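Asks: One structure follows; several queries about it will come next.
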Amino acid sequence: MISHAPKIAGSVAAALLVLFPLVYSAGNYDFVMHLWITAFYYAILASSWALLAGYGGQFSFAHLAFMALGAYGAGILDNYVFLTSLPTGTCTEFGLLGTNIVFLPPAGTGDAGACLTAARATWPEGATVSRFPLLLQIAFGAIVGGGAGWLIGTLVLRLRAAYLALFTVGLSEILRAVLSAEIWLTRGQAGMPMSPLFPEGITILGTTYGPAAKLPAYYVMLALFFATLSLLLWVARSRIGLFLRSLREDEDAAEALGVDTVKWKRAVFVLTAAIAATAGAVQGHYVGLITPNTLVLLQMSLVIAMAVIGGLENLVAAAIGAILISFALEFLRTDFTILGLEVDMTTWRLVFFGLLLMLTLRFLRNGVIQGALMWIERRGVGAETVAKRRAAEEAK
Amino acid sequence: MDHPGFFSLAILWMVLWGAIGGAVIHRAYLARDLDVTAARTVGVAVGAATGPFGLVPLYLRTPTLTRAWQALPWIGVVTVFLFAFRASDPDNVCFTSGTFVTSQLVNGLIMGTIYGLMALGLALIFSIIGIVSFSHGEFYMIGGMVVYYMTEVWAPGLGPIAAVIAACAVTFGIGAAFERAFFTPIYAGKVERPNEYAILVTFGLAFFLQYLVQGLSGANPVKASPFFELPRSEWPAGAPIIETTRSNIKLFDMISISTPRLTAAILSVVMLLALIWFLYNTWTGRALRATAQDRQAAAVAGINPGRMNMLAFGLGCMLAGLAGAVLVQAFSWLPQTGAIPALRAFVIIVLGGLGSLPGAFIGGLILGLVEAAGAGCVPDPTRAAAYLPAYGMIILTLVLLLRPQGLFGRKV
Amino acid sequence: MITLDVKDIRKKFGNHQVLKGVSFRIEGPELVGLIGPNGAGKTTLTNVLDGAIKPDSGTIRLNGTRIDPLHPYEIARAGLGRTFQVTRAFRRMTVLENLYVPAMAMDASVNRKEMEEKANEILAFLTIDHLRNEYGRALSGGQQKLLELGRLLMLDPDVYILDEPFAGVHPSLMATIYKWIERVNGEGKAIILISHQMESIFTLCRRLLVLNFGDLIADGPPAEVKNDPAVIDAYLGVEEDMSGTGLLTQEASHA
Ligand SMILES: Nc1ncnc2c1ncn2[C@@H]1O[C@H](COP(=O)(O)OP(=O)(O)O)[C@@H](O)[C@H]1O
Ligand SMILES: [Mg+2]
């Protein structure tokens, strides 16, 4: 049966992705791993946006704003909140379960940690200072993003397509302005440094990897990608996916058939915002620096182009589209000279993708990858309809 | 700011009573079986402006909400806001220096005229085709780029007016060609969700055009020289009413206007008059207006809707290009230059009412003034500049919450 | 027993009073025709009943509970279902998925197998079962109307409001809609049928409501309503239309 083919293909692909860092031995190991990590990051963003836009019909341009909120949420905890074994006495702090949670006063580019440094100088040997636990940072980022998703989902409940898009574009621009201007907290354009995913390194199966090693980060991002995709697919195939599609098609009709459209619209905003925020927090820790430029419209355009070219109404297709395009973007980076003209590929590849986005929308409305998948999946339907009608006519 | 606490309290007070007013007055009008369409908005305005003192009588008397009722309380809101601001920041230059305020006002109106011109293009497109173009900013950018290349590189001898006309031709051409190539399936009913399709495909165009220009001209900012340069002069000499330097005009020794911006505004007004003449005095212009008002009736009357669509999109893009073409002499220009003006145009057309042409122009003036006030009066100058796009967004949010049809929009 | 109690519903759009205090009561498995010239407010009344539009004043009770303050989805779950004058199939969902939406919205833990069986039975009843895996958009206008009727059966409300179910339907599908109405009515459900096809209304309904410019000007058996002076007045002497198949239009009433 054809219905098993996608499952088998998916399992094989997943297995290959898991094995890849262990078996890859050609050159540029770190660079190749970095490409994959970036590809997974975009795949998470594109597939979650596909649920929001393709299933829920909410063409929001604020997806990367949620991503940035997650990254900055985690980054603020990372930079300004520490756990110590002894009280400092001078910083803002409170004790909890035998540890002190120390809040450093945000001081932009200045020395935020003065009170902590001063206190440490007087502490005995063995007193510990550690960053706010990474998992909790990421969770906090996700909550900030999800909360913002709830708020925006509520604000835009009544907005129709054009208004929704305009409003979310504006909102992202504002967030970028805030992140650039509030230097005391975010360090503005200079960006906020973030500790690596594994600050002390990590030992997996007897091999020790340093903080900058790519392999652990690869598996973290891959796990996040798999988790996201499974969650999204589960949602899409559950009744929630059915409700989302029905409200995308016709909100009034869905309401009249008992679907609580307000609830599900808001829910899809919260869910996809939280996913984007989580991806942002993890990516921030992986890259080690977050800047307001991560949410320029270009980034949002890329995510949209990935989802559209992959296929907006198929989460897997959107994810595959994202992976392919982020690789393509990287490989098309090499400049070349033609007829004595130097072609700056860092720019021209984007021209190409803009064109590809437009042409896909115009001529392959289901996206390139989803189009192919749908053709395989639905090629029996027409024949089935005809056969059924003929059988019915013969029975008469 | 001397008393930020007082200011926050005042804002909180206004928001609170505004919210209460919106809910309570709407109920009062409903309960008395009166027209409720304006009740909520008037309630918000009266609540924010006067608190309980205006709300109680309004609740008890429920007068017919005439146009005056819909407008005057908002003036009250602005006044109260200004008083609160003044009380909390008495030394602000916006209260101490009349010269500065007049200057800002004049400059706000000048910029507002150009914003209006650009937004007019977006409104024109919406009124005919019913879609919002997300590539409007890129046409603005291209208009400026064409003028820069014409006056500085390709044909410096031809002068700025020829360059502006070339910019119009280029932006009109790209717009019209794009419309034919990508919008025809919408009219044929072949697109399942036309709004979303239009958003995405114009967004794709924006992306494409922005990087195309960057690929062709590089990522460095360019700057065109001013169209006109003035000689240094005073009139009358000694105690001048008009004092000019190369790129500045000073009136009454207090209002300072940069000449590039002034010429840009004057050119905009001229173009605007030409557009109005076109819309009202030519067959094509009348056909366009007829199509905007009633598509089917226009088609019955023998107007080819396809041609009107192409014309509207081309003209709309041309207006954006024009705004860029006249402003390139005042600002330095980048392939990314279009993003903020596009955002502004969105804000303006929502403020003016999607698809309303006079609304778009007046909305432009309002936004110009608000931005001038924001840039000049917000106490922390670096923040004031960084948040320039935010002032428009605050307006946008308020309009969407309070009056989704905009100031001049038809009721939906 | 099923009751729908509508009391003094008023609705104004701007300065246009579209419903001027409409009251009626339905008890048990009635089949009520709602007629009136174009623009009389029939669709608006339907929208008010199903919660899509909030009335300015008045109350609606379904089986004794007030439903007018509820959201449309709550009203649907409380037992009031409607079709739309302009068909609203979910165009990019398959016919089966169209039917699953109300079933799952009504009951989150619905038994999948039973749901599928019921959906297939309904599609067979409506003679569109060969289209079950086609997208909604692939259906003809009349088939989409049938699909809407099928969705309502999945919702299984107590009161069905059909807004012009015969408009633009090919005669060959009319019999199916008649059959559908008989089935629903036979199950003890109430139906409000809005239509301009007087023939159908007079064959099917034993009670008529006549709406004219927002006023309910008549309520009674067809024979009685037909001779009601107010009704004749409203239709300005085109009463021959009322027994024939002609359409009652506002133009006619203004003639
Ligand atoms: N949303 C609305 N805003 C303003 N007027 C409306 C709206 N909906 C309906 N109307 C007006 O209410 C009147 C009744 O319309 P409708 O209920 O559709 O009539 P019917 O279904 O009986 O033909 C019409 O005059 C129509 O123009
Ligand atoms: Mg109707």
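Ordering of the structure tokens sets the chain letters (A, B, ...), residue numbers begin anew at 1 in every chain, and ligands are numbered from 1 in the order given.
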Find the residues of chain C that sit at most 7 Å from chain A; for each, write down the nearest two atoms and how far apart they are in Å, to one decimal. Count only C-alpha atoms. Sort by chain, then by number going up, and give it as a Markdown table.
Replies:
| residue | atom | partner | partner_atom | distance |
| --- | --- | --- | --- | --- |
| C:Pro72 | CA | A:Glu255 | CA | 5.7 |
| C:Tyr73 | CA | A:Gly258 | CA | 3.9 |
| C:Glu74 | CA | A:Gly258 | CA | 6.4 |
| C:Ala76 | CA | A:Gly258 | CA | 5.0 |
| C:Arg77 | CA | A:Gly258 | CA | 5.5 |
| C:Gly81 | CA | A:Ala256 | CA | 6.7 |
| C:Arg82 | CA | A:Ala256 | CA | 7.0 |
| C:Arg88 | CA | A:Ala253 | CA | 6.4 |
| C:Phe90 | CA | A:Glu249 | CA | 5.4 |
| C:Arg91 | CA | A:Glu249 | CA | 6.6 |
| C:Val101 | CA | A:Phe243 | CA | 6.5 |
| C:Pro102 | CA | A:Leu257 | CA | 5.0 |
| C:Met104 | CA | A:Arg239 | CA | 6.6 |
| C:Ala105 | CA | A:Val259 | CA | 5.3 |
| C:Met106 | CA | A:Gly258 | CA | 6.3 |
| C:His130 | CA | A:Thr385 | CA | 5.3 |
| C:Leu131 | CA | A:Thr385 | CA | 5.8 |
| C:Asn133 | CA | A:Val381 | CA | 6.5 |
| C:Glu134 | CA | A:Val381 | CA | 6.9 |
| C:Leu155 | CA | A:Leu257 | CA | 6.6 |
Asks: If you count only C-alpha atoms, which residues fall within 12 Å of region 177-189 of chain A, apart from same-chain ones fewer than 4 positions away, as a short mmCIF file (atom, residue, chain, number, x, y, z; two decimals) with N, CA, C and O atoms, in the first residue's frame?
Replies:
data_model
loop_
_atom_site.label_atom_id
_atom_site.label_comp_id
_atom_site.auth_asym_id
_atom_site.auth_seq_id
_atom_site.Cartn_x
_atom_site.Cartn_y
_atom_site.Cartn_z
N ALA A 65 9.56 37.46 15.75
CA ALA A 65 9.49 38.26 16.98
C ALA A 65 9.34 37.33 18.18
O ALA A 65 9.98 37.52 19.22
N ALA A 68 12.65 35.81 18.82
CA ALA A 68 13.56 36.73 19.49
C ALA A 68 13.18 36.88 20.96
O ALA A 68 14.06 36.98 21.83
N LEU A 69 11.88 36.88 21.25
CA LEU A 69 11.47 36.99 22.65
C LEU A 69 11.99 35.80 23.45
O LEU A 69 12.46 35.96 24.58
N ALA A 71 14.67 34.02 22.71
CA ALA A 71 16.13 34.14 22.81
C ALA A 71 16.50 35.19 23.86
O ALA A 71 17.36 34.94 24.72
N TYR A 72 15.85 36.34 23.80
CA TYR A 72 16.19 37.39 24.75
C TYR A 72 15.72 37.04 26.16
O TYR A 72 16.39 37.38 27.14
N GLY A 73 14.58 36.35 26.26
CA GLY A 73 14.13 35.90 27.58
C GLY A 73 15.20 35.04 28.23
O GLY A 73 15.60 35.25 29.39
N ALA A 74 15.70 34.05 27.48
CA ALA A 74 16.75 33.18 28.00
C ALA A 74 18.03 33.98 28.23
O ALA A 74 18.71 33.81 29.24
N GLY A 75 18.34 34.88 27.29
CA GLY A 75 19.58 35.64 27.39
C GLY A 75 19.61 36.53 28.62
O GLY A 75 20.66 36.69 29.26
N ILE A 76 18.49 37.10 28.97
CA ILE A 76 18.46 37.97 30.15
C ILE A 76 18.71 37.16 31.41
O ILE A 76 19.49 37.55 32.28
N LEU A 77 18.11 35.98 31.50
CA LEU A 77 18.39 35.12 32.64
C LEU A 77 19.86 34.72 32.64
O LEU A 77 20.52 34.69 33.69
N ASP A 78 20.38 34.43 31.46
CA ASP A 78 21.75 33.95 31.34
C ASP A 78 22.75 35.01 31.81
O ASP A 78 23.77 34.71 32.43
N ASN A 79 22.44 36.27 31.50
CA ASN A 79 23.39 37.34 31.79
C ASN A 79 23.22 37.95 33.17
O ASN A 79 24.18 38.46 33.73
N TYR A 80 22.01 37.96 33.65
CA TYR A 80 21.77 38.75 34.86
C TYR A 80 21.33 37.94 36.07
O TYR A 80 21.14 38.50 37.14
N LEU A 104 21.57 40.44 39.06
CA LEU A 104 22.50 41.55 38.85
C LEU A 104 21.74 42.72 38.26
O LEU A 104 20.81 42.53 37.47
N PRO A 105 22.12 43.93 38.64
CA PRO A 105 21.44 45.07 38.03
C PRO A 105 21.87 45.19 36.57
O PRO A 105 23.06 45.25 36.29
N PRO A 106 20.92 45.18 35.62
CA PRO A 106 21.30 45.30 34.22
C PRO A 106 22.06 46.60 34.00
O PRO A 106 21.65 47.64 34.47
N ALA A 107 23.18 46.53 33.34
CA ALA A 107 23.99 47.74 33.19
C ALA A 107 24.53 47.85 31.78
O ALA A 107 25.54 48.48 31.55
N GLY A 108 23.86 47.27 30.84
CA GLY A 108 24.29 47.40 29.46
C GLY A 108 25.72 46.95 29.28
O GLY A 108 26.10 45.88 29.72
N THR A 109 26.50 47.82 28.68
CA THR A 109 27.89 47.44 28.41
C THR A 109 28.75 47.59 29.65
O THR A 109 29.89 47.17 29.66
N GLY A 110 28.20 48.21 30.70
CA GLY A 110 28.98 48.40 31.93
C GLY A 110 29.14 47.09 32.67
O GLY A 110 28.73 46.03 32.22
N ASP A 111 29.73 47.13 33.83
CA ASP A 111 29.98 45.92 34.60
C ASP A 111 28.74 45.58 35.41
O ASP A 111 28.48 46.17 36.46
N ALA A 112 27.97 44.63 34.88
CA ALA A 112 26.74 44.28 35.56
C ALA A 112 27.04 43.55 36.87
O ALA A 112 26.30 43.65 37.84
N GLY A 170 4.33 45.39 11.71
CA GLY A 170 4.62 46.54 12.55
C GLY A 170 5.13 46.13 13.91
O GLY A 170 6.11 46.68 14.42
N LEU A 171 4.49 45.14 14.46
CA LEU A 171 4.87 44.69 15.80
C LEU A 171 6.31 44.20 15.83
O LEU A 171 7.07 44.50 16.76
N SER A 172 6.71 43.47 14.79
CA SER A 172 8.09 42.98 14.77
C SER A 172 9.06 44.15 14.66
O SER A 172 10.12 44.14 15.29
N GLU A 173 8.68 45.15 13.85
CA GLU A 173 9.57 46.31 13.72
C GLU A 173 9.73 47.01 15.07
O GLU A 173 10.82 47.44 15.44
N PRO A 193 25.67 38.51 24.74
CA PRO A 193 26.37 37.22 24.70
C PRO A 193 25.59 36.16 25.45
O PRO A 193 24.87 36.46 26.39
N MET A 194 25.69 34.94 25.00
CA MET A 194 25.03 33.85 25.72
C MET A 194 26.01 32.71 25.90
O MET A 194 26.84 32.44 25.04
N LEU A 289 25.52 34.40 20.78
CA LEU A 289 25.27 35.84 20.74
C LEU A 289 23.89 36.05 20.11
O LEU A 289 23.56 35.41 19.12
N ILE A 290 23.10 36.94 20.71
CA ILE A 290 21.85 37.29 20.02
C ILE A 290 21.83 38.78 19.78
O ILE A 290 22.19 39.57 20.64
N THR A 291 21.40 39.15 18.58
CA THR A 291 21.32 40.56 18.23
C THR A 291 19.93 40.86 17.67
O THR A 291 19.23 39.94 17.25
N PRO A 292 19.54 42.14 17.69
CA PRO A 292 18.23 42.48 17.14
C PRO A 292 18.13 42.13 15.65
O PRO A 292 17.04 42.01 15.12
N ASN A 293 19.26 41.94 14.98
CA ASN A 293 19.21 41.65 13.55
C ASN A 293 18.65 40.28 13.24
O ASN A 293 18.35 39.97 12.09
N THR A 294 18.51 39.42 14.30
CA THR A 294 17.93 38.10 14.03
C THR A 294 16.47 38.22 13.63
O THR A 294 15.89 37.27 13.15
N LEU A 295 15.86 39.39 13.87
CA LEU A 295 14.45 39.47 13.47
C LEU A 295 14.19 40.52 12.41
O LEU A 295 13.10 41.03 12.31
N VAL A 296 15.19 40.81 11.61
CA VAL A 296 14.89 41.69 10.48
C VAL A 296 13.94 40.97 9.53
O VAL A 296 13.85 39.75 9.54
N ILE B 340 10.74 51.05 6.37
CA ILE B 340 10.03 51.93 7.30
C ILE B 340 8.94 52.74 6.57
O ILE B 340 7.81 52.81 7.06
N ASP B 380 14.07 61.63 25.90
CA ASP B 380 15.38 61.02 25.66
C ASP B 380 15.62 60.97 24.15
O ASP B 380 14.98 60.20 23.44
N PRO B 381 16.51 61.82 23.62
CA PRO B 381 16.61 61.95 22.16
C PRO B 381 17.00 60.67 21.42
O PRO B 381 16.50 60.41 20.33
N THR B 382 17.88 59.84 22.00
CA THR B 382 18.26 58.63 21.25
C THR B 382 17.07 57.71 21.14
O THR B 382 16.82 57.10 20.10
N ARG B 383 16.32 57.59 22.23
CA ARG B 383 15.12 56.74 22.18
C ARG B 383 14.11 57.33 21.21
O ARG B 383 13.47 56.62 20.45
N ALA B 384 13.96 58.66 21.27
CA ALA B 384 12.97 59.32 20.41
C ALA B 384 13.21 58.93 18.96
O ALA B 384 12.27 58.66 18.22
N ALA B 385 14.46 58.87 18.55
CA ALA B 385 14.78 58.53 17.17
C ALA B 385 14.56 57.04 16.92
O ALA B 385 13.98 56.65 15.91
N ALA B 386 14.98 56.20 17.86
CA ALA B 386 14.87 54.76 17.66
C ALA B 386 13.42 54.33 17.56
O ALA B 386 13.09 53.39 16.85
N TYR B 387 12.56 55.03 18.29
CA TYR B 387 11.16 54.61 18.31
C TYR B 387 10.30 55.30 17.27
O TYR B 387 9.09 55.22 17.32
N LEU B 388 10.94 55.98 16.31
CA LEU B 388 10.17 56.69 15.30
C LEU B 388 9.08 55.81 14.66
O LEU B 388 7.92 56.24 14.56
N PRO B 389 9.41 54.56 14.24
CA PRO B 389 8.33 53.76 13.65
C PRO B 389 7.26 53.39 14.66
O PRO B 389 6.13 53.06 14.30
N ALA B 390 7.61 53.45 15.95
CA ALA B 390 6.67 52.98 16.97
C ALA B 390 5.49 53.92 17.13
O ALA B 390 4.40 53.49 17.45
N TYR B 391 5.70 55.22 16.89
CA TYR B 391 4.58 56.16 17.07
C TYR B 391 3.43 55.79 16.14
O TYR B 391 2.27 55.79 16.53
N MET B 393 2.85 52.86 14.95
CA MET B 393 2.26 51.59 15.38
C MET B 393 1.29 51.78 16.53
O MET B 393 0.30 51.06 16.64
#
Asks: As a ChimeraX atom specification, please: the residues near region 138-152 of chain C (cut-off 10 Å, only C-alpha atoms, same-chain neighbours under 6 positions excluded).
Replies: /A:253,256-257 /C:76,80-92,94-103,119,121-123,125-128,131,160-162,164-174,176-177,180-181
Asks: What lies within 9 Å of Phe313 (chain B) using only C-alpha atoms, ignoring chain neighbours under 5 positions off, as a PyMOL selection string?
Replies: chain B and resi 121-122+124-126+128-129+172+175-176+178-179+308+318
Asks: Select, as a list of chain:residue names, those residues of chain A with any atom no more than 6 Å from chain B (distances computed using only C-alpha atoms).
Replies: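 Result, ordered by chain then number: A:Ile174, A:Ala177, A:Thr347, A:Trp348, A:Val351, A:Gly354, A:Leu355, A:Leu357, A:Met358.
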Asks: Write the selection just made, keeping N, CA, C and O atoms, as a PDB file, in the first residue's frame?
Replies:
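File part_36.pdb, as written:
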ATOM      1  N   ILE A 174       8.626  47.110  15.812  1.00  0.00           N
ATOM      2  CA  ILE A 174       8.691  47.758  17.115  1.00  0.00           C
ATOM      3  C   ILE A 174       9.597  46.966  18.040  1.00  0.00           C
ATOM      4  O   ILE A 174      10.443  47.525  18.745  1.00  0.00           O
ATOM      5  N   ALA A 177      13.026  47.681  17.295  1.00  0.00           N
ATOM      6  CA  ALA A 177      13.416  49.005  17.778  1.00  0.00           C
ATOM      7  C   ALA A 177      13.693  48.965  19.280  1.00  0.00           C
ATOM      8  O   ALA A 177      14.688  49.512  19.760  1.00  0.00           O
ATOM      9  N   THR A 347      24.259  38.224  -2.391  1.00  0.00           N
ATOM     10  CA  THR A 347      23.046  38.965  -2.725  1.00  0.00           C
ATOM     11  C   THR A 347      22.214  38.249  -3.778  1.00  0.00           C
ATOM     12  O   THR A 347      21.013  38.087  -3.619  1.00  0.00           O
ATOM     13  N   TRP A 348      22.878  37.806  -4.845  1.00  0.00           N
ATOM     14  CA  TRP A 348      22.115  37.250  -5.964  1.00  0.00           C
ATOM     15  C   TRP A 348      21.366  35.988  -5.611  1.00  0.00           C
ATOM     16  O   TRP A 348      20.297  35.717  -6.169  1.00  0.00           O
ATOM     17  N   VAL A 351      18.071  37.151  -4.554  1.00  0.00           N
ATOM     18  CA  VAL A 351      17.248  37.534  -5.706  1.00  0.00           C
ATOM     19  C   VAL A 351      16.578  36.302  -6.274  1.00  0.00           C
ATOM     20  O   VAL A 351      15.368  36.262  -6.534  1.00  0.00           O
ATOM     21  N   GLY A 354      13.774  35.097  -4.030  1.00  0.00           N
ATOM     22  CA  GLY A 354      12.583  35.931  -4.161  1.00  0.00           C
ATOM     23  C   GLY A 354      11.784  35.508  -5.391  1.00  0.00           C
ATOM     24  O   GLY A 354      10.570  35.325  -5.343  1.00  0.00           O
ATOM     25  N   LEU A 355      12.505  35.308  -6.487  1.00  0.00           N
ATOM     26  CA  LEU A 355      11.870  34.898  -7.729  1.00  0.00           C
ATOM     27  C   LEU A 355      11.234  33.518  -7.581  1.00  0.00           C
ATOM     28  O   LEU A 355      10.088  33.291  -8.000  1.00  0.00           O
ATOM     29  N   LEU A 357      10.169  32.167  -4.884  1.00  0.00           N
ATOM     30  CA  LEU A 357       8.976  32.300  -4.038  1.00  0.00           C
ATOM     31  C   LEU A 357       7.779  32.755  -4.869  1.00  0.00           C
ATOM     32  O   LEU A 357       6.692  32.175  -4.807  1.00  0.00           O
ATOM     33  N   MET A 358       8.009  33.772  -5.692  1.00  0.00           N
ATOM     34  CA  MET A 358       6.908  34.291  -6.496  1.00  0.00           C
ATOM     35  C   MET A 358       6.417  33.241  -7.498  1.00  0.00           C
ATOM     36  O   MET A 358       5.208  33.051  -7.665  1.00  0.00           O
TER      37      MET A 358
END
Asks: Produce a table with one row for each residue of chain C that has an atom at most 6 Å from any atom of ligand 1, each row naming the nearest atom pair and its distance in Å at one decimal; use only C-alpha atoms and all ligand atoms; arrange rows by chain and rising residue number; format as CSV.
Replies:
residue,atom,partner,partner_atom_place_in_ligand_line,distance
C:Phe13,CA,ligand 1,4 (C),4.8
C:Val18,CA,ligand 1,12 (O),5.1
C:Asn38,CA,ligand 1,23 (O),3.7
C:Gly39,CA,ligand 1,19 (O),3.4
C:Ala40,CA,ligand 1,22 (O),3.8
C:Gly41,CA,ligand 1,17 (O),3.2
C:Lys42,CA,ligand 1,22 (O),3.6
C:Thr43,CA,ligand 1,21 (O),3.6
C:Thr44,CA,ligand 1,17 (O),3.6
Asks: I need the chain C residues near chain B as a ChimeraX atom specification; criterion: at most 10 Å, counting only C-alpha atoms.
Replies: /C:10-17,55-57,91-92,137
Asks: I need the residues in region 197-329 of chain A that are strand (DSSP E or B) according to DSSP; give them as a list in words.
Replies: Ile202, Thr203, Ile204, Thr207, Thr208, Tyr209, Leu289 and Ile290 of chain A
Asks: Could you save those same residues with N, CA and C atoms as a short mmCIF file (atom, residue, chain, number, x, y, z; two decimals), in the first residue's frame?
Replies:
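Result went into result.cif, see below:
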data_model
loop_
_atom_site.label_atom_id
_atom_site.label_comp_id
_atom_site.auth_asym_id
_atom_site.auth_seq_id
_atom_site.Cartn_x
_atom_site.Cartn_y
_atom_site.Cartn_z
N ILE A 202 30.77 18.15 27.47
CA ILE A 202 29.92 17.02 27.83
C ILE A 202 30.59 15.75 27.37
N THR A 203 30.38 14.68 28.12
CA THR A 203 30.95 13.39 27.74
C THR A 203 29.84 12.47 27.28
N ILE A 204 29.91 12.05 26.01
CA ILE A 204 28.91 11.13 25.48
C ILE A 204 29.62 9.84 25.12
N THR A 207 33.41 9.72 25.04
CA THR A 207 34.14 10.77 24.33
C THR A 207 33.78 12.11 24.95
N THR A 208 34.77 12.92 25.26
CA THR A 208 34.49 14.22 25.84
C THR A 208 34.50 15.28 24.76
N TYR A 209 33.44 16.08 24.75
CA TYR A 209 33.33 17.17 23.78
C TYR A 209 33.42 18.49 24.51
N LEU A 289 25.52 34.40 20.78
CA LEU A 289 25.27 35.84 20.74
C LEU A 289 23.89 36.05 20.11
N ILE A 290 23.10 36.94 20.71
CA ILE A 290 21.85 37.29 20.02
C ILE A 290 21.83 38.78 19.78
#
Asks: Looking only at helix (DSSP H, G or I) from DSSP on the backbone, list the matching residues of region 70-301 of chain B as a PyMOL selection string.
Replies: chain B and resi 70-88+93-96+98-129+136-154+156-158+160-187+194-217+259-281+283-293+295-300
Asks: Extract, using only C-alpha atoms, all DNA, RNA and protein residues at most 10 Å from region 308-312 of chain A, discarding same-chain residues fewer than 2 positions from it, and format them as a ChimeraX atom specification.
Replies: /A:46-47,49-55,57,302-306,314-325,353,356-361,364-373 /B:200
Asks: Could you dump the residues just selected with C-alpha atoms as a CSV table (one decimal), in the first residue's frame?
Replies:
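The resulting file, again-v6.csv, is shown below:
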chain,number,residue,atom,x,y,z
A,46,ALA,CA,9.2,27.0,9.0
A,47,SER,CA,7.1,24.0,10.1
A,49,TRP,CA,4.8,28.8,10.8
A,50,ALA,CA,3.2,26.4,8.4
A,51,LEU,CA,0.8,25.2,11.1
A,52,LEU,CA,0.0,28.8,12.0
A,53,ALA,CA,-0.5,30.0,8.4
A,54,GLY,CA,-1.2,26.9,6.4
A,55,TYR,CA,-3.5,25.2,8.8
A,57,GLY,CA,-4.9,30.6,8.1
A,302,LEU,CA,13.3,33.4,4.5
A,303,VAL,CA,11.1,31.4,6.8
A,304,ILE,CA,8.1,32.3,4.7
A,305,ALA,CA,9.9,31.4,1.5
A,306,MET,CA,10.9,28.1,3.0
A,314,ASN,CA,2.1,20.1,4.9
A,315,LEU,CA,4.3,20.4,7.9
A,316,VAL,CA,6.8,17.8,6.7
A,317,ALA,CA,7.1,19.5,3.3
A,318,ALA,CA,7.7,22.8,5.0
A,319,ALA,CA,10.4,21.3,7.1
A,320,ILE,CA,12.1,19.6,4.1
A,321,GLY,CA,11.8,22.9,2.2
A,322,ALA,CA,13.5,24.7,5.0
A,323,ILE,CA,16.4,22.2,5.2
A,324,LEU,CA,16.9,22.2,1.4
A,325,ILE,CA,16.8,26.0,1.1
A,353,PHE,CA,14.9,33.0,-3.9
A,356,LEU,CA,11.5,31.3,-6.7
A,357,LEU,CA,9.0,32.3,-4.0
A,358,MET,CA,6.9,34.3,-6.5
A,359,LEU,CA,6.9,31.6,-9.2
A,360,THR,CA,6.0,28.9,-6.7
A,361,LEU,CA,3.1,30.9,-5.5
A,364,LEU,CA,2.8,25.6,-7.9
A,365,ARG,CA,0.3,26.7,-5.3
A,366,ASN,CA,0.9,23.7,-3.1
A,367,GLY,CA,4.6,24.2,-3.0
A,368,VAL,CA,7.2,22.2,-4.7
A,369,ILE,CA,7.6,19.4,-2.2
A,370,GLN,CA,4.0,19.2,-0.9
A,371,GLY,CA,2.9,19.2,-4.5
A,372,ALA,CA,4.9,16.1,-5.2
A,373,LEU,CA,3.7,14.4,-2.0
B,200,LEU,CA,2.7,36.5,-0.1
Asks: Quick check, in Å to one decimal: how far apart do CA of Thr245 (chain B) and CA of Gly108 (chain B) lie?
Replies: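 About the pair CA of Thr245 (chain B) and CA of Gly108 (chain B): they are 20.9 Å apart.
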Asks: So the first atom is CA of Lys118 (chain C) and the second is CA of Arg132 (chain C); what is the distance between them in Å, to one decimal place?
Replies: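 A separation of 12.7 Å between them.
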Asks: Excluding Thr90 (chain A) and its own-chain neighbours fewer than 2 positions away, which residues fall within 10 Å of it when counting only C-alpha atoms? Please give them as a PyMOL selection string.
Replies: chain A and resi 87-88+92-93+102+104+114-116+118-119
Asks: Tell me, as a list in words, which residues lie within 10 Å of Ala49 (chain B), counting only C-alpha atoms; anything in the same chain fewer than 3 positions away does not count.
Replies: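 Counting only the stated atoms, we get Trp13, Met14, Val15, Trp17, Gly18, Gly43, Val44, Ala45, Val46, Pro52, Phe53, Gly54, Leu55, Pro73, Trp74, Ile75, Gly76, Val77, Val78, Thr79, Val80 and Phe81 of chain B.
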